[in-house]
Amino acid sequence: MSQSATTLSPEQVQIVRKLWPSWVEHAACARPEVDPDDFFAENNSDENRAIRAYGGFSATERRAKAVCARCPVRVKCLAYAMLKPRQPGIWGGATQRERAQAVEESIEHLLYEQMGAQAKALGLIGEVA
């Protein structure tokens, strides 16, 4: 396991524990054998090229996603991250780009529904499916 770049004092740890939601202590990623760097790793240029060309995830992202897959608080974690759209890292099993895509698709869906309802109200179309 790699050493984190920042070491917190005991006082800082207490502050963080007070600020974080209570479910975090039950997260699979909070276990001592899990490397927290896997959840916030920077992909190198070769990994980024492969991801763009073939899709998928880097080896580091796959390791983090495997931890999330067995996490008892995964849904709460993902919901937390969705409320903070620019939150870096893997949360609830989703990368930042996956969460951004989900938000974009949700917005597109809502806009489609609103446009259909407005068109129907104006008599431009019949029932909206």
# chains A, B, ... in the order shown; residues from 1 in each chain; ligands from 1
$ select_by_dssp --residues "chain A" --states "helix (DSSP H, G or I)" --output "VMD selection string"
chain A and resid 10 to 19 22 to 26 28 to 30 36 to 39 45 to 54 59 to 69 74 to 82 96 to 121
$ closest_atom_pairs --of "segment 90-114 of chain A" --to "segment 23-34 of chain A" --cutoff "12 Å" --atoms "only C-alpha atoms" --output "JSON lines"
{"residue": "A:Ile90", "atom": "CA", "partner": "A:Cys29", "partner_atom": "CA", "distance": 10.4}
{"residue": "A:Trp91", "atom": "CA", "partner": "A:Cys29", "partner_atom": "CA", "distance": 9.7}
{"residue": "A:Gly92", "atom": "CA", "partner": "A:Ala27", "partner_atom": "CA", "distance": 9.6}
{"residue": "A:Gly93", "atom": "CA", "partner": "A:Cys29", "partner_atom": "CA", "distance": 10.7}
$ write_last_selection --atoms "N, CA, C and O atoms" --output "tab-separated table (two decimals), in the first residue's frame"
chain	number	residue	atom	x	y	z
A	90	ILE	N	-13.29	7.85	-7.54
A	90	ILE	CA	-14.33	6.84	-7.70
A	90	ILE	C	-15.14	6.81	-6.42
A	90	ILE	O	-14.61	6.62	-5.33
A	91	TRP	N	-16.43	7.02	-6.57
A	91	TRP	CA	-17.37	7.02	-5.45
A	91	TRP	C	-18.55	6.15	-5.83
A	91	TRP	O	-19.12	6.29	-6.92
A	92	GLY	N	-18.92	5.23	-4.96
A	92	GLY	CA	-20.07	4.37	-5.25
A	92	GLY	C	-19.88	3.52	-6.49
A	92	GLY	O	-20.83	3.12	-7.13
A	93	GLY	N	-18.64	3.27	-6.85
A	93	GLY	CA	-18.35	2.45	-8.01
A	93	GLY	C	-18.34	3.20	-9.33
A	93	GLY	O	-18.20	2.59	-10.38
$ atom_distance --atom1 "atom CA of Asn48 of chain A" --atom2 "atom CA of Glu108 of chain A"
26.7 Å
$ closest_residue --among "A:Val67, A:Glu11, A:Ala79, A:Ala53" --to "Asp38 of chain A" --atoms "only C-alpha atoms"
A:Val67
$ atom_distance --atom1 "atom CA of Asn44 of chain A" --atom2 "atom CA of Val75 of chain A"
28.8 Å
$ closest_residue --among "A:Pro88, A:Pro21, A:Gly123, A:Gly116" --to "Asp37 of chain A" --atoms "only C-alpha atoms"
A:Pro88
$ atom_distance --atom1 "atom CA of Lys65 of chain A" --atom2 "atom CA of Phe40 of chain A"
11.7 Å
$ decode --residues "segment 58-93 of chain A" --atoms "N, CA and C atoms" --output "short mmCIF file (atom, residue, chain, number, x, y, z; two decimals), in the first residue's frame"
data_model
loop_
_atom_site.label_atom_id
_atom_site.label_comp_id
_atom_site.auth_asym_id
_atom_site.auth_seq_id
_atom_site.Cartn_x
_atom_site.Cartn_y
_atom_site.Cartn_z
N SER A 58 -9.01 2.00 -16.41
CA SER A 58 -7.61 1.67 -16.13
C SER A 58 -7.56 0.56 -15.08
N ALA A 59 -6.40 -0.04 -14.91
CA ALA A 59 -6.23 -1.09 -13.91
C ALA A 59 -6.53 -0.56 -12.51
N THR A 60 -6.12 0.66 -12.23
CA THR A 60 -6.38 1.28 -10.93
C THR A 60 -7.87 1.47 -10.72
N GLU A 61 -8.56 1.96 -11.74
CA GLU A 61 -10.01 2.15 -11.63
C GLU A 61 -10.72 0.82 -11.42
N ARG A 62 -10.25 -0.22 -12.10
CA ARG A 62 -10.88 -1.55 -11.93
C ARG A 62 -10.69 -2.06 -10.50
N ARG A 63 -9.52 -1.82 -9.92
CA ARG A 63 -9.29 -2.25 -8.52
C ARG A 63 -10.26 -1.53 -7.59
N ALA A 64 -10.40 -0.22 -7.76
CA ALA A 64 -11.30 0.55 -6.91
C ALA A 64 -12.75 0.10 -7.11
N LYS A 65 -13.15 -0.12 -8.35
CA LYS A 65 -14.52 -0.55 -8.64
C LYS A 65 -14.81 -1.92 -8.02
N ALA A 66 -13.80 -2.79 -7.96
CA ALA A 66 -13.98 -4.11 -7.34
C ALA A 66 -14.27 -3.96 -5.84
N VAL A 67 -13.61 -3.02 -5.20
CA VAL A 67 -13.87 -2.75 -3.78
C VAL A 67 -15.30 -2.23 -3.62
N CYS A 68 -15.68 -1.30 -4.47
CA CYS A 68 -17.03 -0.72 -4.41
C CYS A 68 -18.11 -1.78 -4.63
N ALA A 69 -17.82 -2.74 -5.48
CA ALA A 69 -18.82 -3.76 -5.82
C ALA A 69 -19.26 -4.56 -4.59
N ARG A 70 -18.39 -4.68 -3.61
CA ARG A 70 -18.74 -5.45 -2.40
C ARG A 70 -19.03 -4.54 -1.19
N CYS A 71 -19.21 -3.26 -1.44
CA CYS A 71 -19.37 -2.29 -0.35
C CYS A 71 -20.83 -2.23 0.12
N PRO A 72 -21.06 -2.29 1.43
CA PRO A 72 -22.43 -2.24 1.95
C PRO A 72 -23.09 -0.86 1.87
N VAL A 73 -22.31 0.19 1.64
CA VAL A 73 -22.88 1.55 1.59
C VAL A 73 -22.67 2.18 0.20
N ARG A 74 -22.55 1.35 -0.81
CA ARG A 74 -22.27 1.83 -2.16
C ARG A 74 -23.31 2.85 -2.65
N VAL A 75 -24.58 2.57 -2.44
CA VAL A 75 -25.63 3.46 -2.93
C VAL A 75 -25.56 4.82 -2.24
N LYS A 76 -25.32 4.83 -0.94
CA LYS A 76 -25.20 6.11 -0.22
C LYS A 76 -23.98 6.88 -0.71
N CYS A 77 -22.92 6.18 -0.97
CA CYS A 77 -21.69 6.80 -1.45
C CYS A 77 -21.90 7.43 -2.82
N LEU A 78 -22.56 6.69 -3.70
CA LEU A 78 -22.83 7.23 -5.04
C LEU A 78 -23.76 8.43 -4.97
N ALA A 79 -24.78 8.36 -4.13
CA ALA A 79 -25.70 9.50 -3.97
C ALA A 79 -24.95 10.72 -3.46
N TYR A 80 -24.05 10.52 -2.52
CA TYR A 80 -23.23 11.61 -1.98
C TYR A 80 -22.42 12.26 -3.11
N ALA A 81 -21.79 11.44 -3.93
CA ALA A 81 -20.96 11.97 -5.02
C ALA A 81 -21.80 12.66 -6.09
N MET A 82 -23.01 12.18 -6.33
CA MET A 82 -23.86 12.80 -7.35
C MET A 82 -24.29 14.20 -6.93
N LEU A 83 -24.30 14.47 -5.64
CA LEU A 83 -24.63 15.81 -5.15
C LEU A 83 -23.46 16.78 -5.31
N LYS A 84 -22.29 16.23 -5.58
CA LYS A 84 -21.07 17.03 -5.75
C LYS A 84 -20.48 16.66 -7.11
N PRO A 85 -21.00 17.25 -8.20
CA PRO A 85 -20.65 16.80 -9.54
C PRO A 85 -19.17 16.85 -9.90
N ARG A 86 -18.42 17.70 -9.27
CA ARG A 86 -16.99 17.79 -9.61
C ARG A 86 -16.12 17.01 -8.63
N GLN A 87 -16.74 16.19 -7.81
CA GLN A 87 -16.01 15.39 -6.83
C GLN A 87 -15.07 14.43 -7.58
N PRO A 88 -13.76 14.56 -7.39
CA PRO A 88 -12.85 13.66 -8.10
C PRO A 88 -12.88 12.26 -7.51
N GLY A 89 -12.39 11.32 -8.26
CA GLY A 89 -12.23 9.97 -7.75
C GLY A 89 -13.41 9.06 -8.04
N ILE A 90 -13.29 7.85 -7.54
CA ILE A 90 -14.33 6.84 -7.70
C ILE A 90 -15.14 6.81 -6.42
N TRP A 91 -16.43 7.02 -6.57
CA TRP A 91 -17.37 7.02 -5.45
C TRP A 91 -18.55 6.15 -5.83
N GLY A 92 -18.92 5.23 -4.96
CA GLY A 92 -20.07 4.37 -5.25
C GLY A 92 -19.88 3.52 -6.49
N GLY A 93 -18.64 3.27 -6.85
CA GLY A 93 -18.35 2.45 -8.01
C GLY A 93 -18.34 3.20 -9.33
#
